[in-house]
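For reference, target-v6.tsv is printed below; it contains TSV, C-alpha atoms and all ligand atoms.
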```
chain	number	residue	atom	x	y	z
M	1	MET	CA	-19.36	-1.71	0.98
M	2	PRO	CA	-15.84	-0.82	2.10
M	3	LYS	CA	-14.52	2.64	1.30
M	4	VAL	CA	-10.81	3.03	0.66
M	5	THR	CA	-9.27	6.50	0.70
M	6	PHE	CA	-5.76	7.20	-0.54
M	7	LEU	CA	-3.97	10.31	0.71
M	8	PRO	CA	-2.57	12.78	-0.15
M	9	ALA	CA	-4.49	12.42	-3.44
M	10	ASN	CA	-7.65	12.23	-1.28
M	11	VAL	CA	-9.51	9.90	-3.58
M	12	THR	CA	-12.01	7.39	-2.26
M	13	TYR	CA	-13.20	4.19	-3.86
M	14	GLU	CA	-16.17	2.14	-2.75
M	15	TYR	CA	-16.98	-1.37	-3.84
M	16	GLU	CA	-18.76	-4.48	-2.71
M	17	THR	CA	-16.65	-7.01	-0.82
M	18	GLY	CA	-16.00	-10.13	-2.84
M	19	LYS	CA	-17.09	-8.53	-6.12
M	20	LEU	CA	-13.81	-7.06	-7.38
M	21	PRO	CA	-12.31	-9.04	-10.23
M	22	TYR	CA	-8.83	-10.07	-9.12
M	23	GLY	CA	-6.13	-8.05	-10.85
M	24	GLU	CA	-3.29	-10.42	-9.98
M	25	HIS	CA	-1.28	-7.85	-8.02
M	26	GLY	CA	-1.08	-8.53	-4.32
M	27	LYS	CA	-3.58	-10.46	-2.28
M	28	PRO	CA	-7.16	-10.36	-3.60
M	29	GLU	CA	-8.90	-7.21	-2.30
M	30	SER	CA	-5.68	-5.95	-0.75
M	31	LEU	CA	-5.12	-2.19	-0.86
M	32	LEU	CA	-2.98	-2.73	-3.95
M	33	ASP	CA	-5.62	-4.85	-5.66
M	34	VAL	CA	-8.26	-2.19	-4.94
M	35	ALA	CA	-5.97	0.60	-6.21
M	36	GLU	CA	-5.19	-1.30	-9.39
M	37	HIS	CA	-8.84	-2.04	-10.02
M	38	PHE	CA	-9.75	1.65	-9.93
M	39	GLY	CA	-6.69	2.80	-11.86
M	40	PHE	CA	-5.03	4.47	-8.89
M	41	HIS	CA	-1.26	4.23	-8.96
M	42	LEU	CA	0.27	2.52	-5.95
M	43	GLU	CA	3.87	1.55	-6.59
M	44	HIS	CA	4.43	-2.22	-6.52
M	45	ALA	CA	7.88	-3.08	-7.79
M	46	CYS	CA	7.65	-6.78	-6.99
M	47	GLY	CA	4.18	-7.20	-8.43
M	48	GLY	CA	2.57	-7.55	-5.04
M	49	ASN	CA	4.59	-10.54	-3.87
M	50	ASN	CA	5.83	-9.25	-0.51
M	51	ALA	CA	9.35	-8.93	-1.92
M	52	CYS	CA	9.93	-5.15	-1.82
M	53	THR	CA	8.53	-2.27	0.21
M	54	THR	CA	7.38	0.09	-2.53
M	55	CYS	CA	3.70	-0.42	-1.67
M	56	HIS	CA	4.31	0.93	1.85
M	57	VAL	CA	1.34	2.91	3.16
M	58	ILE	CA	0.53	4.48	6.50
M	59	VAL	CA	-2.89	3.81	7.93
M	60	LYS	CA	-4.55	7.04	9.06
M	61	ASN	CA	-7.80	5.88	10.62
M	62	ASN	CA	-8.66	3.37	13.28
M	63	THR	CA	-8.95	0.20	11.29
M	64	ASP	CA	-9.78	-2.30	14.00
M	65	GLY	CA	-11.28	-5.09	11.98
M	66	ASN	CA	-11.07	-3.16	8.70
M	67	LEU	CA	-7.79	-4.63	7.52
M	68	THR	CA	-6.53	-8.16	7.95
M	69	GLU	CA	-3.99	-8.48	10.74
M	70	LEU	CA	-0.30	-8.09	10.11
M	71	ASP	CA	1.16	-11.55	9.67
M	72	ASP	CA	4.80	-12.59	10.16
M	73	ASP	CA	5.68	-12.47	6.46
M	74	GLU	CA	4.38	-8.93	6.04
M	75	ALA	CA	5.98	-7.83	9.32
M	76	ASP	CA	9.38	-9.21	8.28
M	77	ARG	CA	9.27	-7.38	4.95
M	78	LEU	CA	7.84	-4.21	6.46
M	79	ASP	CA	10.83	-4.06	8.82
M	80	LYS	CA	12.94	-3.08	5.80
M	81	ALA	CA	10.68	-0.21	4.73
M	82	PRO	CA	12.12	3.29	4.91
M	83	GLY	CA	10.13	5.63	7.12
M	84	LEU	CA	8.51	2.80	9.04
M	85	THR	CA	5.81	3.78	11.53
M	86	ILE	CA	3.64	1.75	13.90
M	87	HIS	CA	0.79	2.36	11.45
M	88	SER	CA	2.71	1.14	8.40
M	89	ARG	CA	1.42	-1.66	6.21
M	90	LEU	CA	2.28	-3.15	2.86
M	91	GLY	CA	-0.50	-2.36	0.42
M	92	CYS	CA	-0.17	-5.67	-1.37
M	93	GLN	CA	-0.45	-7.75	1.79
M	94	CYS	CA	-3.25	-6.24	3.87
M	95	VAL	CA	-6.72	-7.12	2.73
M	96	VAL	CA	-9.50	-4.59	3.13
M	97	THR	CA	-12.48	-5.69	5.20
M	98	GLY	CA	-13.97	-2.27	6.04
M	99	ASP	CA	-13.40	1.47	5.61
M	100	VAL	CA	-9.76	2.52	5.57
M	101	VAL	CA	-7.80	5.72	5.00
M	102	VAL	CA	-4.16	5.33	4.06
M	103	GLU	CA	-1.42	7.75	3.15
M	104	ILE	CA	1.29	7.06	0.64
M	105	PRO	CA	4.48	8.40	2.24
M	106	ASN	CA	5.78	11.59	0.63
M	107	TRP	CA	9.24	10.22	0.08
M	108	ASN	CA	7.77	7.42	-2.03
M	109	ILE	CA	5.71	9.78	-4.17
M	110	ASN	CA	8.74	12.03	-4.62
M	111	TYR	CA	10.97	9.13	-5.49
M	112	VAL	CA	8.66	7.85	-8.18
M	113	SER	CA	7.88	11.32	-9.59
M	114	GLU	CA	11.58	12.09	-9.84
M	115	GLY	CA	12.09	9.13	-12.11
M	116	GLY	CA	13.06	6.56	-9.54
M	117	GLY	CA	10.78	4.07	-11.22
M	118	SER	CA	10.20	0.58	-10.07
M	119	ILE	CA	13.10	-0.78	-8.14
M	120	ASN	CA	13.38	-2.54	-4.83
M	121	LEU	CA	13.62	0.21	-2.24
M	122	GLY	CA	14.01	-2.22	0.61
M	123	GLY	CA	17.12	-0.66	2.09
M	124	ALA	CA	16.93	2.75	0.48
M	125	ILE	CA	16.91	5.97	2.44
M	126	PRO	CA	14.61	8.83	1.45
M	127	LEU	CA	15.94	11.25	-1.13
M	128	PRO	CA	16.92	14.65	0.24
M	129	LYS	CA	14.39	17.40	-0.43
M	130	LYS	CA	15.40	19.86	-3.13
M	201	LIG	S1	4.50	-4.59	-3.96
M	201	LIG	FE1	6.36	-5.42	-3.25
M	201	LIG	S2	5.91	-5.82	-1.17
M	201	LIG	FE2	4.07	-4.98	-1.88
```
Would you write out, as structure tokens, the structure that this file holds?
Ligand code: FES
Amino acid sequence: MPKVTFLPANVTYEYETGKLPYGEHGKPESLLDVAEHFGFHLEHACGGNNACTTCHVIVKNNTDGNLTELDDDEADRLDKAPGLTIHSRLGCQCVVTGDVVVEIPNWNINYVSEGGGSINLGGAIPLPKK
């Protein structure tokens, strides 16, 4: 029963592996798929197809074995994400296999809440704080 926590909202969802109906956004049981299933908003401008970076999250706990490993396709796309960290992942590409805590970067939340909407942010720089 993996538990997935999204920060800063600090909401946790628990479900049984292999039992989530696939929502057709991102890889099955990816962070995006889990978020969509529970009605939690995680931006996904390309529909979960590894073609943008809007689903960028930062992993906050030690997830050895709790997320699938970063593959070359995800790593190549992630390279274009603003605010990249060594703990960054794309929510649509990493599949949950155990308990994980991830943070949605502030700049992304701000961008969306300020009406940025769903566009490809691949090369964008964070908006200045007001
Ligand atoms: S939603 Fe576009 S790369 Fe994840």
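Residues surrounding Leu78 of chain M within 7 Å are M:Thr53, M:Arg89, M:Leu90 [only C-alpha atoms; sequence separation below 6 positions excluded].
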Hey, which bits of chain M sit within 6 Å of ligand LIG 201 (chain M), and for each residue what's the closest pair of atoms and how far apart in Å (one decimal), counting all atoms listed in the file, rows by chain and increasing number, as CSV?
```
residue,atom,partner,partner_atom,distance
M:His44,CA,M:LIG201,S1,3.5
M:Ala45,CA,M:LIG201,S1,5.3
M:Cys46,CA,M:LIG201,FE1,4.2
M:Gly47,CA,M:LIG201,S1,5.2
M:Gly48,CA,M:LIG201,S1,3.7
M:Asn49,CA,M:LIG201,FE1,5.5
M:Asn50,CA,M:LIG201,S2,3.5
M:Ala51,CA,M:LIG201,S2,4.7
M:Cys52,CA,M:LIG201,FE1,3.9
M:Thr53,CA,M:LIG201,S2,4.6
M:Thr54,CA,M:LIG201,FE1,5.6
M:Cys55,CA,M:LIG201,FE2,4.6
M:Leu90,CA,M:LIG201,FE2,5.4
M:Gly91,CA,M:LIG201,FE2,5.7
M:Cys92,CA,M:LIG201,FE2,4.3
```
Could you write those residues out with C-alpha atoms, as a PDB file, in the frame of the given file?
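Saved the output as result-v4.pdb:
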```
ATOM      1  CA  HIS M  44       4.430  -2.220  -6.520  1.00  0.00           C
ATOM      2  CA  ALA M  45       7.880  -3.080  -7.790  1.00  0.00           C
ATOM      3  CA  CYS M  46       7.650  -6.780  -6.990  1.00  0.00           C
ATOM      4  CA  GLY M  47       4.180  -7.200  -8.430  1.00  0.00           C
ATOM      5  CA  GLY M  48       2.570  -7.550  -5.040  1.00  0.00           C
ATOM      6  CA  ASN M  49       4.590 -10.540  -3.870  1.00  0.00           C
ATOM      7  CA  ASN M  50       5.830  -9.250  -0.510  1.00  0.00           C
ATOM      8  CA  ALA M  51       9.350  -8.930  -1.920  1.00  0.00           C
ATOM      9  CA  CYS M  52       9.930  -5.150  -1.820  1.00  0.00           C
ATOM     10  CA  THR M  53       8.530  -2.270   0.210  1.00  0.00           C
ATOM     11  CA  THR M  54       7.380   0.090  -2.530  1.00  0.00           C
ATOM     12  CA  CYS M  55       3.700  -0.420  -1.670  1.00  0.00           C
ATOM     13  CA  LEU M  90       2.280  -3.150   2.860  1.00  0.00           C
ATOM     14  CA  GLY M  91      -0.500  -2.360   0.420  1.00  0.00           C
ATOM     15  CA  CYS M  92      -0.170  -5.670  -1.370  1.00  0.00           C
TER      16      CYS M  92
END
```
Can you measure atom CA of Ala81 of chain M to atom CA of Val57 of chain M for me? One decimal in Å is fine.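 Calculated distance between atom CA of Ala81 of chain M and atom CA of Val57 of chain M is 10.0 Å.
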Please return as a count of residues only every residue within 8 Å of (-13.7, 1.5, -11.3), taking into account only C-alpha atoms and the file's own coordinates. 4
Atom CA of Thr5 of chain M and atom CA of Asp99 of chain M, how far apart in Å?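 Computing the Euclidean distance for atom CA of Asp99 of chain M and atom CA of Thr5 of chain M yields 8.2 Å.
Comparing the minimum interatomic distances between Glu16 of chain M and each of M:Leu84, M:Val96, M:Leu32, M:Leu70, counting only C-alpha atoms, we find that M:Val96 sits nearest.
Shortest separation to Asn106 of chain M among M:Val4, M:Ala35, M:Leu20, M:Ile58 occurs at residue M:Ile58, atoms counted being all atoms listed in the file.
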What does the distance from atom CA of Gly65 of chain M to atom CA of Glu24 of chain M come to in Å, to one decimal? 24.0 Å
For Val95 of chain M, list every protein, DNA or RNA residue within 6 Å, evaluated using only C-alpha atoms, and leave out those in the same chain fewer than 6 positions away; present the list as a ChimeraX atom specification. /M:29-30,67-68
With 5 Å on each side, where is the centre of the axis-aligned box around all listed atoms of segment 11-22 of chain M, and how long are its edges in Å to one decimal, as lines of an AutoDock Vina configuration file?
```
center_x = -13.8
center_y = -0.1
center_z = -5.5
size_x = 19.9
size_y = 30.0
size_z = 19.4
```
Using only C-alpha atoms, pick whichever of M:Asn66, M:Val59, M:His87, M:Pro28 has the shortest atom-to-atom distance to Met1 of chain M. M:Asn66
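The residue that comes closest to Ala9 of chain M, out of M:Asp76, M:Asp64, M:Leu42, M:Gln93 and on the basis of all atoms listed in the file, is M:Leu42.
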